[in-house]
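A.B. asks: Pasting a structure here, questions to come.
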Amino acid sequence: MPGCPRLALICALPWLLRAAAPGSPAQPLARRRDPRDPARGADFDHVYSGVVNLSTENIYSFNYTSHPGQVYAVRVYVNSSSENLDYPVLVVVRQQKEVLSWQVPLLFQGLYQKTYNYQEVSRTLCPSEATNETGPLEQLIFVDIASMAPLGAQYKLLVTKIKHFQLQTNVALRFTASPSQPQKKDFPGEQFFVVFVIKPEDYACGGSFFIQEKENQTWNLQRTKNLKVTIVPSIKESVFVKAVLLSFLIFFSFYLGCLLIALVHYIRFQRKSIDGSFGSSDGSGNMAVSHPIAASTPEGSNYGTIDESGSSPGRQMSSSDGGQPCQSDTDSSVEESDFDTMPDIESDKNVIRTKMFLYLSDLSRKDRRIISKKYKIYFWNIITIAVFYALPVIQLVITYQTVVNVTGNQDICYYNFLCAHPLGVLSAFNNILSNLGHVLLGFLFLLIVLRRDILHRRALEAKDIFAMEYGIPKHFGLFYAMGIALMMEGVLSACYHICPNYSNFQFDTSFMYMIAGLCMLKLYQTRHPDINASAYAAYASFALVITLTVLGVVFGKNDVWFWVIFSAIHILASLALSTQIYYMGRFKIADLGIFRRAAMVLYTDFIHQCSRPLYMDRMVLLIVGNLVNWSFALFGLIYRPRDFASYMLGIFICNLLLYLAFYIIMKLRSSEKVLPIPLFCILATAVVWAAALYFFFQNLSSWERTPAESREKNRECVLLDFFDDHDIWHFLSATALFFSFLVLLTLDDDLDVVRRDQIPVF
């Protein structure tokens, strides 16, 4: 029929009109696709509500004009009453150069599998700032809200402009933040921005968390923080210059003082040489034995020593004994085997070292050139160790600093933020600069030792009888090693303070162990030059200590098994070392007969005869030392301190102080003198160490706690508005270590005019 198509069109017209009506079910799709839909043009500060589901997605469009000099950030708030985590409301915000998305409810994972669901979430959108070159900029923002919920999810949307988005210098800015609504603030010029994040639990800040089975977590979902932020300008360049100049001036004054003392000694020496105070030369380059002590040596003064009229095996005869003349230290053809391979050397050692009274001549029988070469190994080995240890450390801390600078995460490094002055890429330049003293004073100590070494070599080349047969044998290898260790302590401490945290604290203490160990070895070597530990054994022991320290840092917090093993090793090592010291290295522990011999000694000396120990002074020292070390072991086993590195360092320092006190007491008991310079160094060491420890215990940060708790300990600067208490600890500890080294270097200067067979061993 010719009218049928027309009739069909008329019948379908109502259906077409219904599909085009505003209330039709196809409206959400049209809203999403038709750019003319008025729902796209949304207004600021207006709350929009709706429902989204599997087939419905709502898109809102916001636009505004940004003028030069005006910066308006935009904040988007989305709230949803739905608690269905399987079908959350998905929010996608599109800008010209950025896309930001999140979901509501927002889920936070807490401690012990706890979860926190936040149903209101907001974010700050950073705008593109208009400039005079670009002119006004049109800002266009799209907010897409969708959900895969089959039955629909309700939501509310609010978009506002933030007028106070930028931080200003010396102007306080107040705002609130919550775990689901962090805040972001910008500093003019795009120099930096700050993000304020609130944690849902106290554990992240306080480090503690209490579990209650029926605990109501509603308050966690409602917690907010009222924040007040003020940006203050950094210190001026003149303050940096003053701080650097003061640091160099303080420590260069030590160079000037040492130079003046050396000049005074040179003038006094020249006057005495002119006056002939030290006696006259016999024409062969040797000083005539006219020294008062040498000329009036009584017949019985060599009690307990080997008769020098006979040439005992391996005895290097001095020029005064008619033997071979003393040669230079540079003679590399001399080896230690020239002495130790003698067939009867072991019996000779047993005879000498087990006597009731020992004198220095009994323990300085090896060739001086051999012993000097042996002690120089300490110097070369520590240089090798320093290079291989420091290079990876420097690389690691640079990586830490780079991560901090790139991410802006201030929780990685535990600074004293109230007195942390950045310079370049470094976040706390003042903590690095304050370690300059270790390097400068360590180098000065090397110069002092070098001067003494040169003067001693000249005296030996001149065949000075006092250099060859009087005083403590001069071996400078350990002193050189101590100077390098002091310098490296400054370098590694500076590396640690680039980013101080739990992971790299051992960098700050490794060379402190070596300094304490080298000082104890030097004290022992002073009166026992022939039987001191070799450099290889000493550094292997230091490596073992550092290994134990690393294990303690990792496992020493809560693992009881570690403390049991460590305490057992500590006590056994103390007993083994005490036995070796008591018997001057003649007590063999390489076979199982040690237990039988130890039981026999205890039965014979204390039970059967009940007699006093053979070596009373050594016994007193070792008993006190063992009590101290056992106390440390018991303290660690009971309290298990978290800072294991400092605990280990305390063991070394206490043993060093105990040995030094014993040495000085025995020196005074032996009627030996303490000259003015070492006496001044001892007093200066005590005073400076006391002041240094005061500043050390002013805890300004703590990586043992959370970053928030560490910041609670932060304090303002105390010196030049640049250095804090810990920086002063660096200055004073470097000075105290320098004076401590001078004590060891000059303590026995009074014995330079005393024959070695009159110097007791203790």
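Simple scheme: letters A, B, ... for chains in structure tokens order, numbers from 1 for residues in each chain, numbers from 1 for ligands in the order shown.
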Please identify all polymer residues within 9 Å of Val91 (chain A), counting only C-alpha atoms, omitting same-chain residues fewer than 6 positions from it, and present them as an MDAnalysis selection string.
C.D. replies: chainID A and resid 78 100:104 143:147
A.B. asks: Would you compute the distance between CA of Ile162 (chain A) and CA of Val121 (chain A)? Give it in Å to one decimal.
C.D. replies: 16.3 Å
A.B. asks: Pick the closest to Tyr375 (chain A) from A:Pro529, A:Pro760, A:Gly408, A:Pro641: which is it, counting only C-alpha atoms?
C.D. replies: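 For Tyr375 (chain A), the nearest of the given residues is A:Pro529.
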A.B. asks: Quick one: residues within 12 Å of Gln95 (chain A), only C-alpha atoms, excluding same-chain residues fewer than 6 positions away - as a list in words?
C.D. replies: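 Answer for this query is Ser61, Phe62, Asn63, Val74, Ser101, Leu125, Cys126, Pro127, Ser128, Glu138, Gln139, Leu140, Ile141, Phe142, Val143 and Asp144 of chain A.
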